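Novice: mmCIF, C-alpha atoms, saved as work-v3.cif, coming up:
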```cif
data_entry
#
loop_
_atom_site.group_PDB
_atom_site.id
_atom_site.type_symbol
_atom_site.label_atom_id
_atom_site.label_comp_id
_atom_site.auth_asym_id
_atom_site.auth_seq_id
_atom_site.Cartn_x
_atom_site.Cartn_y
_atom_site.Cartn_z
ATOM 1 C CA MET A 1 -7.461 15.265 23.826
ATOM 2 C CA GLN A 2 -10.468 14.150 21.777
ATOM 3 C CA ILE A 3 -10.363 10.733 20.080
ATOM 4 C CA GLU A 4 -12.694 9.855 17.219
ATOM 5 C CA GLN A 5 -13.007 6.761 15.051
ATOM 6 C CA PHE A 6 -14.258 6.415 11.492
ATOM 7 C CA THR A 7 -14.944 3.772 8.887
ATOM 8 C CA GLN A 8 -14.328 6.218 6.051
ATOM 9 C CA LEU A 9 -12.723 9.630 5.908
ATOM 10 C CA THR A 10 -14.045 12.917 4.597
ATOM 11 C CA GLN A 11 -11.960 14.961 2.178
ATOM 12 C CA SER A 12 -11.225 17.417 4.976
ATOM 13 C CA GLN A 13 -9.942 14.620 7.225
ATOM 14 C CA ILE A 14 -7.768 13.261 4.404
ATOM 15 C CA GLU A 15 -6.247 16.703 3.929
ATOM 16 C CA ASP A 16 -5.568 16.967 7.681
ATOM 17 C CA ILE A 17 -3.814 13.575 7.632
ATOM 18 C CA HIS A 18 -1.712 14.626 4.642
ATOM 19 C CA LEU A 19 -0.623 17.768 6.488
ATOM 20 C CA LEU A 20 0.250 15.739 9.598
ATOM 21 C CA SER A 21 2.160 13.238 7.440
ATOM 22 C CA GLN A 22 4.225 16.010 5.857
ATOM 23 C CA VAL A 23 5.260 17.306 9.284
ATOM 24 C CA VAL A 24 6.102 13.801 10.540
ATOM 25 C CA HIS A 25 8.063 12.870 7.396
ATOM 26 C CA THR A 26 10.095 16.064 7.537
ATOM 27 C CA TYR A 27 10.887 15.552 11.212
ATOM 28 C CA ASP A 28 11.639 11.808 11.027
ATOM 29 C CA HIS A 29 13.162 11.737 7.505
ATOM 30 C CA THR A 30 10.540 9.179 6.487
ATOM 31 C CA HIS A 31 8.459 8.768 3.321
ATOM 32 C CA LYS A 32 5.706 6.160 3.635
ATOM 33 C CA ASP A 33 2.174 7.551 3.439
ATOM 34 C CA ALA A 34 -0.654 5.650 5.107
ATOM 35 C CA TYR A 35 -3.277 4.013 2.903
ATOM 36 C CA LEU A 36 -6.473 6.014 3.488
ATOM 37 C CA SER A 37 -9.165 3.568 2.423
ATOM 38 C CA ASN A 38 -10.931 0.632 4.031
ATOM 39 C CA GLN A 39 -11.918 -1.004 0.736
ATOM 40 C CA TYR A 40 -9.762 -4.114 1.253
ATOM 41 C CA ASN A 41 -10.654 -4.645 4.913
ATOM 42 C CA HIS A 42 -12.409 -7.909 5.705
ATOM 43 C CA PHE A 43 -15.109 -6.179 7.764
ATOM 44 C CA PRO A 44 -16.261 -3.055 5.877
ATOM 45 C CA GLU A 45 -18.175 -1.896 8.947
ATOM 46 C CA MET A 46 -15.094 -1.975 11.194
ATOM 47 C CA PRO A 47 -13.744 1.485 12.109
ATOM 48 C CA THR A 48 -10.447 1.779 10.231
ATOM 49 C CA PHE A 49 -9.207 5.193 11.320
ATOM 50 C CA VAL A 50 -8.614 6.574 14.802
ATOM 51 C CA LEU A 51 -7.907 10.306 14.960
ATOM 52 C CA GLY A 52 -6.666 12.267 17.965
ATOM 53 C CA TYR A 53 -7.365 15.992 18.216
ATOM 54 C CA GLU A 54 -6.153 18.745 20.493
ATOM 55 C CA ASN A 55 -7.840 22.151 20.199
ATOM 56 C CA GLU A 56 -9.442 20.906 16.960
ATOM 57 C CA SER A 57 -6.028 20.197 15.415
ATOM 58 C CA LEU A 58 -5.108 16.664 14.329
ATOM 59 C CA ILE A 59 -2.113 15.489 16.364
ATOM 60 C CA GLY A 60 -2.355 11.685 16.091
ATOM 61 C CA PHE A 61 -3.590 9.093 13.663
ATOM 62 C CA VAL A 62 -3.938 5.305 13.453
ATOM 63 C CA MET A 63 -4.917 3.264 10.403
ATOM 64 C CA LEU A 64 -5.897 -0.426 10.669
ATOM 65 C CA TYR A 65 -5.296 -2.555 7.578
ATOM 66 C CA ALA A 66 -7.225 -5.785 8.191
ATOM 67 C CA ASP A 67 -7.733 -7.525 4.853
ATOM 68 C CA GLY A 68 -7.920 -11.033 6.334
ATOM 69 C CA ASP A 69 -10.232 -12.831 8.731
ATOM 70 C CA ILE A 70 -9.781 -12.775 12.504
ATOM 71 C CA ASP A 71 -6.971 -15.358 12.459
ATOM 72 C CA GLU A 72 -4.755 -13.176 10.294
ATOM 73 C CA ILE A 73 -2.468 -10.268 11.175
ATOM 74 C CA VAL A 74 -3.683 -6.669 11.224
ATOM 75 C CA GLU A 75 -1.198 -4.030 10.113
ATOM 76 C CA ILE A 76 -1.157 -0.874 12.230
ATOM 77 C CA SER A 77 0.180 2.474 11.021
ATOM 78 C CA LEU A 78 0.520 5.174 13.683
ATOM 79 C CA MET A 79 1.616 8.805 13.444
ATOM 80 C CA VAL A 80 1.944 11.416 16.185
ATOM 81 C CA HIS A 81 2.897 15.050 15.678
ATOM 82 C CA PRO A 82 6.496 15.595 16.906
ATOM 83 C CA SER A 83 5.373 18.290 19.356
ATOM 84 C CA ALA A 84 2.821 15.917 20.895
ATOM 85 C CA ARG A 85 5.095 12.918 21.504
ATOM 86 C CA ARG A 86 5.909 11.431 24.914
ATOM 87 C CA LYS A 87 2.618 12.774 26.267
ATOM 88 C CA GLY A 88 0.612 9.559 26.113
ATOM 89 C CA ILE A 89 -1.203 10.563 22.929
ATOM 90 C CA GLY A 90 0.104 7.702 20.826
ATOM 91 C CA THR A 91 -0.739 5.268 23.629
ATOM 92 C CA ALA A 92 -4.286 6.616 23.893
ATOM 93 C CA ILE A 93 -5.157 6.352 20.206
ATOM 94 C CA LYS A 94 -3.466 2.951 20.007
ATOM 95 C CA GLN A 95 -5.585 1.768 22.933
ATOM 96 C CA ARG A 96 -8.745 2.847 21.101
ATOM 97 C CA ALA A 97 -7.528 0.963 18.032
ATOM 98 C CA PHE A 98 -7.019 -2.190 20.107
ATOM 99 C CA GLU A 99 -10.542 -1.866 21.509
ATOM 100 C CA ILE A 100 -11.840 -1.885 17.938
ATOM 101 C CA LEU A 101 -9.777 -4.942 17.030
ATOM 102 C CA THR A 102 -10.936 -6.800 20.133
ATOM 103 C CA GLU A 103 -14.559 -6.014 19.302
ATOM 104 C CA PHE A 104 -14.133 -7.609 15.872
ATOM 105 C CA GLY A 105 -12.142 -10.601 17.148
ATOM 106 C CA TYR A 106 -8.626 -9.753 15.942
ATOM 107 C CA HIS A 107 -5.708 -10.693 18.189
ATOM 108 C CA LYS A 108 -2.594 -10.576 15.962
ATOM 109 C CA VAL A 109 -1.001 -7.262 15.011
ATOM 110 C CA GLN A 110 2.155 -5.863 13.493
ATOM 111 C CA TYR A 111 3.303 -2.265 13.268
ATOM 112 C CA LEU A 112 4.557 -0.599 10.117
ATOM 113 C CA THR A 113 7.510 1.767 10.460
ATOM 114 C CA GLU A 114 10.637 2.787 8.559
ATOM 115 C CA ARG A 115 14.248 1.861 9.085
ATOM 116 C CA ALA A 116 15.249 5.540 9.191
ATOM 117 C CA PHE A 117 12.968 6.085 12.195
ATOM 118 C CA LEU A 118 14.435 3.117 14.074
ATOM 119 C CA VAL A 119 17.987 4.276 13.393
ATOM 120 C CA ALA A 120 17.172 7.771 14.666
ATOM 121 C CA ASN A 121 15.376 6.373 17.743
ATOM 122 C CA PRO A 122 17.551 3.471 18.965
ATOM 123 C CA ASP A 123 15.654 3.105 22.262
ATOM 124 C CA PHE A 124 12.234 2.857 20.597
ATOM 125 C CA LEU A 125 12.126 -0.942 20.293
ATOM 126 C CA MET A 126 13.180 -1.675 23.867
ATOM 127 C CA LYS A 127 10.980 1.041 25.335
ATOM 128 C CA ASN A 128 7.914 -0.325 23.554
ATOM 129 C CA GLN A 129 8.890 -4.018 23.873
ATOM 130 C CA LEU A 130 8.880 -4.517 20.116
ATOM 131 C CA VAL A 131 11.051 -6.615 17.824
ATOM 132 C CA VAL A 132 11.814 -6.225 14.116
ATOM 133 C CA ASP A 133 10.452 -8.955 11.840
ATOM 134 C CA ALA A 134 12.743 -10.650 9.354
ATOM 135 C CA GLU A 135 10.579 -9.478 6.456
ATOM 136 C CA PHE A 136 10.928 -5.936 5.145
ATOM 137 C CA GLU A 137 9.979 -3.960 2.076
ATOM 138 C CA TYR A 138 11.635 -1.441 -0.210
ATOM 139 C CA GLN A 139 9.666 1.616 -1.247
ATOM 140 C CA MET A 140 11.045 2.676 -4.610
ATOM 141 C CA ARG A 141 10.497 5.917 -6.516
ATOM 142 C CA PHE A 142 10.763 7.011 -10.156
ATOM 143 C CA GLU A 143 10.762 10.742 -10.930
ATOM 144 C CA LYS A 144 11.864 10.968 -14.577
ATOM 145 C CA GLU A 145 9.863 10.893 -17.781
ATOM 146 C CA PRO A 146 9.246 7.242 -18.713
ATOM 147 C CA VAL A 147 10.719 6.223 -22.037
ATOM 148 C CA SER A 148 8.504 5.425 -24.981
ATOM 149 C CA VAL A 149 8.601 1.709 -25.825
ATOM 150 C CA GLU A 150 7.206 -0.353 -28.637
ATOM 151 C CA SER A 151 5.050 -3.330 -27.736
ATOM 152 C CA LYS A 152 6.520 -6.710 -28.487
ATOM 153 C CA MET A 153 4.582 -8.833 -30.923
ATOM 154 C CA GLY A 154 1.312 -9.946 -29.347
ATOM 155 C CA ILE A 155 1.595 -7.768 -26.216
ATOM 156 C CA GLY A 156 -0.756 -4.922 -25.378
ATOM 157 C CA ILE A 157 -2.422 -3.110 -22.481
ATOM 158 C CA ARG A 158 -5.784 -1.505 -21.885
ATOM 159 C CA ARG A 159 -7.902 -0.249 -19.042
ATOM 160 C CA MET A 160 -9.654 -2.966 -17.094
ATOM 161 C CA GLN A 161 -13.303 -3.694 -17.941
ATOM 162 C CA GLN A 162 -16.031 -5.529 -16.055
ATOM 163 C CA ALA A 163 -15.684 -8.644 -18.224
ATOM 164 C CA ASP A 164 -11.998 -8.863 -17.264
ATOM 165 C CA VAL A 165 -12.753 -9.628 -13.608
ATOM 166 C CA VAL A 166 -13.783 -13.235 -14.231
ATOM 167 C CA GLN A 167 -11.192 -13.724 -16.981
ATOM 168 C CA LEU A 168 -8.367 -12.601 -14.705
ATOM 169 C CA VAL A 169 -9.217 -15.010 -11.872
ATOM 170 C CA PRO A 170 -7.270 -17.993 -13.382
ATOM 171 C CA PRO A 171 -4.072 -15.967 -14.075
ATOM 172 C CA TYR A 172 -4.404 -14.393 -10.614
ATOM 173 C CA MET A 173 -4.554 -17.825 -8.982
ATOM 174 C CA ASN A 174 -1.703 -19.025 -11.187
ATOM 175 C CA ALA A 175 0.369 -16.088 -9.973
ATOM 176 C CA PHE A 176 -0.752 -16.518 -6.327
ATOM 177 C CA PRO A 177 -1.393 -20.262 -5.777
ATOM 178 C CA ASP A 178 -2.464 -19.786 -2.143
ATOM 179 C CA SER A 179 -5.394 -17.600 -3.151
ATOM 180 C CA THR A 180 -8.990 -18.740 -3.660
ATOM 181 C CA ALA A 181 -11.153 -17.949 -6.665
ATOM 182 C CA HIS A 182 -13.550 -15.979 -4.451
ATOM 183 C CA ALA A 183 -10.759 -13.866 -2.930
ATOM 184 C CA ALA A 184 -9.260 -13.203 -6.370
ATOM 185 C CA GLU A 185 -12.571 -12.092 -7.852
ATOM 186 C CA GLN A 186 -13.357 -9.911 -4.834
ATOM 187 C CA TYR A 187 -9.953 -8.201 -4.991
ATOM 188 C CA LEU A 188 -10.229 -7.500 -8.715
ATOM 189 C CA GLN A 189 -13.802 -6.255 -8.449
ATOM 190 C CA GLU A 190 -13.047 -3.892 -5.580
ATOM 191 C CA SER A 191 -10.138 -2.293 -7.409
ATOM 192 C CA LEU A 192 -12.255 -1.882 -10.555
ATOM 193 C CA ASP A 193 -15.032 -0.196 -8.547
ATOM 194 C CA ASP A 194 -12.686 2.291 -6.862
ATOM 195 C CA THR A 195 -12.721 5.506 -8.888
ATOM 196 C CA SER A 196 -9.403 6.662 -7.363
ATOM 197 C CA ILE A 197 -7.592 3.626 -8.809
ATOM 198 C CA GLU A 198 -6.484 3.151 -12.405
ATOM 199 C CA THR A 199 -6.602 -0.548 -13.332
ATOM 200 C CA TYR A 200 -4.803 -2.086 -16.311
ATOM 201 C CA VAL A 201 -4.852 -5.457 -18.039
ATOM 202 C CA LEU A 202 -1.864 -7.035 -19.792
ATOM 203 C CA LEU A 203 -2.874 -8.764 -23.015
ATOM 204 C CA TYR A 204 -1.030 -11.429 -24.956
ATOM 205 C CA GLU A 205 -2.627 -12.335 -28.263
ATOM 206 C CA ASP A 206 -5.755 -10.543 -27.004
ATOM 207 C CA GLN A 207 -6.004 -12.734 -23.882
ATOM 208 C CA PRO A 208 -5.678 -11.171 -20.382
ATOM 209 C CA ILE A 209 -2.592 -12.574 -18.645
ATOM 210 C CA GLY A 210 -1.761 -9.826 -16.159
ATOM 211 C CA TYR A 211 -3.077 -6.984 -14.061
ATOM 212 C CA CYS A 212 -1.850 -3.825 -12.382
ATOM 213 C CA ALA A 213 -3.506 -1.195 -10.181
ATOM 214 C CA VAL A 214 -2.339 2.396 -9.735
ATOM 215 C CA ASP A 215 -3.541 4.639 -6.927
ATOM 216 C CA ASN A 216 -3.815 8.051 -8.548
ATOM 217 C CA GLY A 217 -3.097 10.524 -5.736
ATOM 218 C CA GLY A 218 -0.251 12.976 -5.220
ATOM 219 C CA TYR A 219 1.876 10.448 -7.089
ATOM 220 C CA TYR A 220 1.203 7.208 -8.942
ATOM 221 C CA TYR A 221 1.403 4.330 -6.461
ATOM 222 C CA ILE A 222 1.709 1.036 -8.333
ATOM 223 C CA PHE A 223 0.423 -2.086 -6.592
ATOM 224 C CA GLY A 224 -1.178 -5.470 -7.132
ATOM 225 C CA LEU A 225 0.851 -6.187 -10.263
ATOM 226 C CA PHE A 226 0.899 -9.791 -11.424
ATOM 227 C CA VAL A 227 1.626 -11.756 -14.584
ATOM 228 C CA ASP A 228 0.393 -15.298 -15.095
ATOM 229 C CA ALA A 229 3.168 -17.642 -13.934
ATOM 230 C CA ASP A 230 3.161 -19.358 -17.346
ATOM 231 C CA TYR A 231 4.345 -16.112 -18.976
ATOM 232 C CA ARG A 232 7.071 -15.042 -16.562
ATOM 233 C CA ASN A 233 10.763 -14.566 -17.395
ATOM 234 C CA ARG A 234 9.889 -13.386 -20.874
ATOM 235 C CA GLY A 235 10.058 -9.619 -20.263
ATOM 236 C CA PHE A 236 6.282 -9.232 -20.146
ATOM 237 C CA GLY A 237 6.224 -7.685 -16.661
ATOM 238 C CA ALA A 238 8.842 -5.049 -17.504
ATOM 239 C CA GLN A 239 7.069 -4.040 -20.692
ATOM 240 C CA PHE A 240 3.714 -3.985 -18.878
ATOM 241 C CA MET A 241 5.166 -1.502 -16.384
ATOM 242 C CA GLN A 242 6.777 0.655 -19.073
ATOM 243 C CA LEU A 243 3.580 0.893 -21.131
ATOM 244 C CA ILE A 244 1.475 1.809 -18.077
ATOM 245 C CA MET A 245 3.962 4.398 -16.851
ATOM 246 C CA ARG A 246 4.237 6.049 -20.252
ATOM 247 C CA GLU A 247 0.461 6.304 -20.650
ATOM 248 C CA LEU A 248 -0.070 7.714 -17.161
ATOM 249 C CA TYR A 249 2.801 10.191 -17.401
ATOM 250 C CA LEU A 250 1.396 11.615 -20.640
ATOM 251 C CA GLN A 251 -1.944 11.913 -18.857
ATOM 252 C CA GLU A 252 -0.335 13.818 -15.937
ATOM 253 C CA ALA A 253 3.363 14.160 -15.113
ATOM 254 C CA LYS A 254 3.825 12.817 -11.565
ATOM 255 C CA PRO A 255 6.347 10.542 -9.815
ATOM 256 C CA PHE A 256 5.805 6.774 -9.561
ATOM 257 C CA VAL A 257 6.144 4.793 -6.320
ATOM 258 C CA ILE A 258 6.130 1.026 -5.794
ATOM 259 C CA GLY A 259 6.669 -1.372 -2.884
ATOM 260 C CA VAL A 260 8.908 -4.439 -3.302
ATOM 261 C CA GLU A 261 9.340 -7.247 -0.776
ATOM 262 C CA GLY A 262 12.852 -7.274 0.640
ATOM 263 C CA ASP A 263 13.565 -10.875 -0.317
ATOM 264 C CA ASN A 264 12.336 -10.462 -3.898
ATOM 265 C CA ASN A 265 15.754 -9.720 -5.390
ATOM 266 C CA GLN A 266 14.570 -10.356 -8.921
ATOM 267 C CA ALA A 267 11.796 -7.744 -8.745
ATOM 268 C CA HIS A 268 14.040 -5.258 -6.923
ATOM 269 C CA HIS A 269 16.672 -5.585 -9.650
ATOM 270 C CA LEU A 270 14.033 -5.286 -12.383
ATOM 271 C CA TYR A 271 12.686 -2.002 -11.024
ATOM 272 C CA GLN A 272 16.207 -0.661 -10.631
ATOM 273 C CA LYS A 273 16.805 -1.435 -14.311
ATOM 274 C CA LEU A 274 13.601 0.461 -15.126
ATOM 275 C CA GLY A 275 14.969 3.512 -13.311
ATOM 276 C CA PHE A 276 13.379 3.221 -9.850
ATOM 277 C CA GLU A 277 15.522 4.129 -6.841
ATOM 278 C CA ASP A 278 15.186 3.028 -3.227
ATOM 279 C CA GLU A 279 13.400 5.763 -1.278
ATOM 280 C CA THR A 280 12.976 4.071 2.102
ATOM 281 C CA VAL A 281 12.933 0.670 3.780
ATOM 282 C CA LEU A 282 9.755 -0.389 5.567
ATOM 283 C CA GLU A 283 10.058 -2.520 8.685
ATOM 284 C CA TYR A 284 7.421 -4.599 10.446
ATOM 285 C CA LEU A 285 7.398 -4.770 14.229
ATOM 286 C CA THR A 286 5.729 -7.232 16.564
ATOM 287 C CA GLU A 287 5.427 -7.322 20.310
ATOM 288 C CA GLY A 288 8.299 -9.145 22.012
ATOM 289 C CA GLU A 289 8.020 -12.033 24.424
#
```
Please re-express this file's structure in structure tokens.

Specialist:
Amino acid sequence: MQIEQFTQLTQSQIEDIHLLSQVVHTYDHTHKDAYLSNQYNHFPEMPTFVLGYENESLIGFVMLYADGDIDEIVEISLMVHPSARRKGIGTAIKQRAFEILTEFGYHKVQYLTERAFLVANPDFLMKNQLVVDAEFEYQMRFEKEPVSVESKMGIGIRRMQQADVVQLVPPYMNAFPDSTAHAAEQYLQESLDDTSIETYVLLYEDQPIGYCAVDNGGYYYIFGLFVDADYRNRGFGAQFMQLIMRELYLQEAKPFVIGVEGDNNQAHHLYQKLGFEDETVLEYLTEGE
């Protein structure tokens, strides 16, 4: 087996990973696609992707999501072709991934998987000495045509502009009090600069009070949504979502996907009311004692 590591992927490599993902999802009855960009990683020069090949065919893949400094947890996504499992391939590419993390000073990791995989493989946790974290996440999907809605008085949306980056820092920090102004500005700027992401601003009386990003791939993946804490519980978030979805769907008819933290009952209920359905449950695993 040949193992290679990359900071960024070529279009051909992305297509190979998509093909591998389709095979794995069909076999395991899973749905979560790996995020194939390093734009949010703390060290842009750190290799993010480890690919394993056999006879020039991709049979294994690891993605490292390391958006924090070396004291924070790195999220590891790993896929191995069903026909190549139990042959040490997953172990080999994981070992290369750990060598990369050690080189850059990381020492805390968690693995991303799906509840369906754990149910179908009840010996997986014990065999790999892993435990399931208390936190989990719903991946929800919407496949209908979004309804047309009228904006409430004073509410509007538009595509994000460069001037919005600085203006959105205060509402970002109000929505996420643990964040810093530098981190907020960096996050907003990086999403604006990424041509594969559609970024939207929520306006109230012409002032930006919210933000949402949409990864425009095989489906619309909604992420990063926030509304200034001072404007919550007024229906602004729901209308923001509806307006974005309607505009994007008219642009190109594709499904919508969103991730919701398992303990965020309010958000989960909101998206259900908007027509989203639970597609899968994501679980986070850590190494046991």

Novice: From the options A:Gln161, A:Asn233, A:Gln167, A:Gln110, which residue's atoms come nearest to Glu198 of chain A, counting only C-alpha atoms?

Specialist: A:Gln161

Novice: I'd like to see the residues matched by the PyMOL selection byres ((chain A and resi 162) around 12) on this file, and ideally I'd get them as a count of residues only.

Specialist: 19

Novice: Please expand the PyMOL selection byres ((chain A and resi 241) around 12) into the concrete residues it hits in this file, giving the result as an mmCIF file with C-alpha atoms, in the coordinates of the input.

Specialist:
```
data_model
loop_
_atom_site.group_PDB
_atom_site.id
_atom_site.type_symbol
_atom_site.label_atom_id
_atom_site.label_comp_id
_atom_site.auth_asym_id
_atom_site.auth_seq_id
_atom_site.Cartn_x
_atom_site.Cartn_y
_atom_site.Cartn_z
ATOM 1 C CA PHE A 142 10.763 7.011 -10.156
ATOM 2 C CA PRO A 146 9.246 7.242 -18.713
ATOM 3 C CA VAL A 147 10.719 6.223 -22.037
ATOM 4 C CA SER A 148 8.504 5.425 -24.981
ATOM 5 C CA VAL A 149 8.601 1.709 -25.825
ATOM 6 C CA SER A 151 5.050 -3.330 -27.736
ATOM 7 C CA GLY A 156 -0.756 -4.922 -25.378
ATOM 8 C CA ILE A 157 -2.422 -3.110 -22.481
ATOM 9 C CA TYR A 200 -4.803 -2.086 -16.311
ATOM 10 C CA VAL A 201 -4.852 -5.457 -18.039
ATOM 11 C CA LEU A 202 -1.864 -7.035 -19.792
ATOM 12 C CA GLY A 210 -1.761 -9.826 -16.159
ATOM 13 C CA TYR A 211 -3.077 -6.984 -14.061
ATOM 14 C CA CYS A 212 -1.850 -3.825 -12.382
ATOM 15 C CA ALA A 213 -3.506 -1.195 -10.181
ATOM 16 C CA VAL A 214 -2.339 2.396 -9.735
ATOM 17 C CA ILE A 222 1.709 1.036 -8.333
ATOM 18 C CA PHE A 223 0.423 -2.086 -6.592
ATOM 19 C CA GLY A 224 -1.178 -5.470 -7.132
ATOM 20 C CA LEU A 225 0.851 -6.187 -10.263
ATOM 21 C CA PHE A 226 0.899 -9.791 -11.424
ATOM 22 C CA VAL A 227 1.626 -11.756 -14.584
ATOM 23 C CA GLY A 235 10.058 -9.619 -20.263
ATOM 24 C CA PHE A 236 6.282 -9.232 -20.146
ATOM 25 C CA GLY A 237 6.224 -7.685 -16.661
ATOM 26 C CA ALA A 238 8.842 -5.049 -17.504
ATOM 27 C CA GLN A 239 7.069 -4.040 -20.692
ATOM 28 C CA PHE A 240 3.714 -3.985 -18.878
ATOM 29 C CA GLN A 242 6.777 0.655 -19.073
ATOM 30 C CA LEU A 243 3.580 0.893 -21.131
ATOM 31 C CA ILE A 244 1.475 1.809 -18.077
ATOM 32 C CA MET A 245 3.962 4.398 -16.851
ATOM 33 C CA ARG A 246 4.237 6.049 -20.252
ATOM 34 C CA GLU A 247 0.461 6.304 -20.650
ATOM 35 C CA LEU A 248 -0.070 7.714 -17.161
ATOM 36 C CA TYR A 249 2.801 10.191 -17.401
ATOM 37 C CA PHE A 256 5.805 6.774 -9.561
ATOM 38 C CA VAL A 257 6.144 4.793 -6.320
ATOM 39 C CA ILE A 258 6.130 1.026 -5.794
ATOM 40 C CA ALA A 267 11.796 -7.744 -8.745
ATOM 41 C CA LEU A 270 14.033 -5.286 -12.383
ATOM 42 C CA TYR A 271 12.686 -2.002 -11.024
ATOM 43 C CA LYS A 273 16.805 -1.435 -14.311
ATOM 44 C CA LEU A 274 13.601 0.461 -15.126
ATOM 45 C CA GLY A 275 14.969 3.512 -13.311
ATOM 46 C CA PHE A 276 13.379 3.221 -9.850
#
```

Novice: Which of these residues is nearest to Val132 of chain A, using all atoms listed in the file: A:Tyr172, A:Tyr111, A:Ser196, A:Phe117?

Specialist: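 The closest residue to Val132 of chain A is A:Tyr111.
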
Novice: Which residues come within 8 Å of Ile3 of chain A, counting all atoms listed in the file, excluding same-chain residues fewer than 2 positions away, as an mmCIF file with C-alpha atoms, in the coordinates of the input?

Specialist:
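The result, written out as part33.cif:
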```
data_model
loop_
_atom_site.group_PDB
_atom_site.id
_atom_site.type_symbol
_atom_site.label_atom_id
_atom_site.label_comp_id
_atom_site.auth_asym_id
_atom_site.auth_seq_id
_atom_site.Cartn_x
_atom_site.Cartn_y
_atom_site.Cartn_z
ATOM 1 C CA MET A 1 -7.461 15.265 23.826
ATOM 2 C CA GLN A 5 -13.007 6.761 15.051
ATOM 3 C CA VAL A 50 -8.614 6.574 14.802
ATOM 4 C CA LEU A 51 -7.907 10.306 14.960
ATOM 5 C CA GLY A 52 -6.666 12.267 17.965
ATOM 6 C CA TYR A 53 -7.365 15.992 18.216
ATOM 7 C CA ILE A 93 -5.157 6.352 20.206
#
```

Novice: Kindly resolve the PyMOL selection byres ((chain A and resi 262) around 8) on the present coordinates and return the residues as a short mmCIF file (atom, residue, chain, number, x, y, z; two decimals) with C-alpha atoms, in the coordinates of the input.

Specialist:
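Final output, part04.cif:
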```cif
data_model
loop_
_atom_site.label_atom_id
_atom_site.label_comp_id
_atom_site.auth_asym_id
_atom_site.auth_seq_id
_atom_site.Cartn_x
_atom_site.Cartn_y
_atom_site.Cartn_z
CA GLU A 135 10.58 -9.48 6.46
CA PHE A 136 10.93 -5.94 5.14
CA GLU A 137 9.98 -3.96 2.08
CA TYR A 138 11.64 -1.44 -0.21
CA VAL A 260 8.91 -4.44 -3.30
CA GLU A 261 9.34 -7.25 -0.78
CA ASP A 263 13.56 -10.88 -0.32
CA ASN A 264 12.34 -10.46 -3.90
CA ASN A 265 15.75 -9.72 -5.39
CA HIS A 268 14.04 -5.26 -6.92
#
```

Novice: Looking at A:Ala66, A:Leu125, A:Ile59, A:Ala183, which one is nearest to Met46 of chain A, with distances taken over only C-alpha atoms?

Specialist: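 Comparing A:Ala66, A:Leu125, A:Ile59, A:Ala183 against Met46 of chain A, the winner is A:Ala66.
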
Novice: In Å, with one decimal, what is the gap from atom CA of Glu103 of chain A to atom CA of Ile17 of chain A?

Specialist: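 These atoms are spaced 25.2 Å apart.
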
Novice: Could you list, as a VMD selection string, every residue within 12 Å of Lys127 of chain A, counting only C-alpha atoms and ignoring same-chain residues fewer than 3 positions away?

Specialist: chain A and resid 86 118 121 to 124 130 to 131 287 to 288

Novice: Which residues are near segment 28-41 of chain A? Cut-off 9 Å, only C-alpha atoms, ignore same chain within fewer than 5 positions. Put them as number ranges by chain.

Specialist: A: 7-9, 14, 17-18, 21-23, 46-49, 62-68, 77-78, 82, 113-117, 120, 139, 187, 190-191, 194, 279-280, 282

Novice: Based on the selection just made, write C-alpha atoms of those residues as a compact mmCIF listing (two decimals), in the frame of the given file.

Specialist:
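The resulting file, part.txt, is shown below:
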```
# COMPACT_ATOMS: atom_id res chain seq x y z
CA THR A 7 -14.94 3.77 8.89
CA GLN A 8 -14.33 6.22 6.05
CA LEU A 9 -12.72 9.63 5.91
CA ILE A 14 -7.77 13.26 4.40
CA ILE A 17 -3.81 13.58 7.63
CA HIS A 18 -1.71 14.63 4.64
CA SER A 21 2.16 13.24 7.44
CA GLN A 22 4.22 16.01 5.86
CA VAL A 23 5.26 17.31 9.28
CA MET A 46 -15.09 -1.98 11.19
CA PRO A 47 -13.74 1.48 12.11
CA THR A 48 -10.45 1.78 10.23
CA PHE A 49 -9.21 5.19 11.32
CA VAL A 62 -3.94 5.30 13.45
CA MET A 63 -4.92 3.26 10.40
CA LEU A 64 -5.90 -0.43 10.67
CA TYR A 65 -5.30 -2.56 7.58
CA ALA A 66 -7.22 -5.78 8.19
CA ASP A 67 -7.73 -7.52 4.85
CA GLY A 68 -7.92 -11.03 6.33
CA SER A 77 0.18 2.47 11.02
CA LEU A 78 0.52 5.17 13.68
CA PRO A 82 6.50 15.60 16.91
CA THR A 113 7.51 1.77 10.46
CA GLU A 114 10.64 2.79 8.56
CA ARG A 115 14.25 1.86 9.09
CA ALA A 116 15.25 5.54 9.19
CA PHE A 117 12.97 6.08 12.20
CA ALA A 120 17.17 7.77 14.67
CA GLN A 139 9.67 1.62 -1.25
CA TYR A 187 -9.95 -8.20 -4.99
CA GLU A 190 -13.05 -3.89 -5.58
CA SER A 191 -10.14 -2.29 -7.41
CA ASP A 194 -12.69 2.29 -6.86
CA GLU A 279 13.40 5.76 -1.28
CA THR A 280 12.98 4.07 2.10
CA LEU A 282 9.76 -0.39 5.57
```

Novice: Using only C-alpha atoms, find the one residue out of A:Ile76, A:Asp228, A:Met126, A:Arg85 that sits nearest to Met173 of chain A.

Specialist: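 Among the listed residues, the smallest separation from Met173 of chain A belongs to A:Asp228.
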
Novice: For segment 94-106 of chain A, take all atoms listed in the file, fit an axis-aligned box around them, add 8 Å to each of the six sides, then output centre and edge lengths in Å rounded to one decimal, as AutoDock Vina command-line options.

Specialist:
```
--center_x -9.0 --center_y -3.8 --center_z 19.4 --size_x 27.1 --size_y 29.6 --size_z 23.1
```

Novice: Report, in Å to a single decimal, how far apart atom CA of Asn216 of chain A and atom CA of Arg158 of chain A are.

Specialist: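 Computing it gives 16.5 Å between the two atoms.
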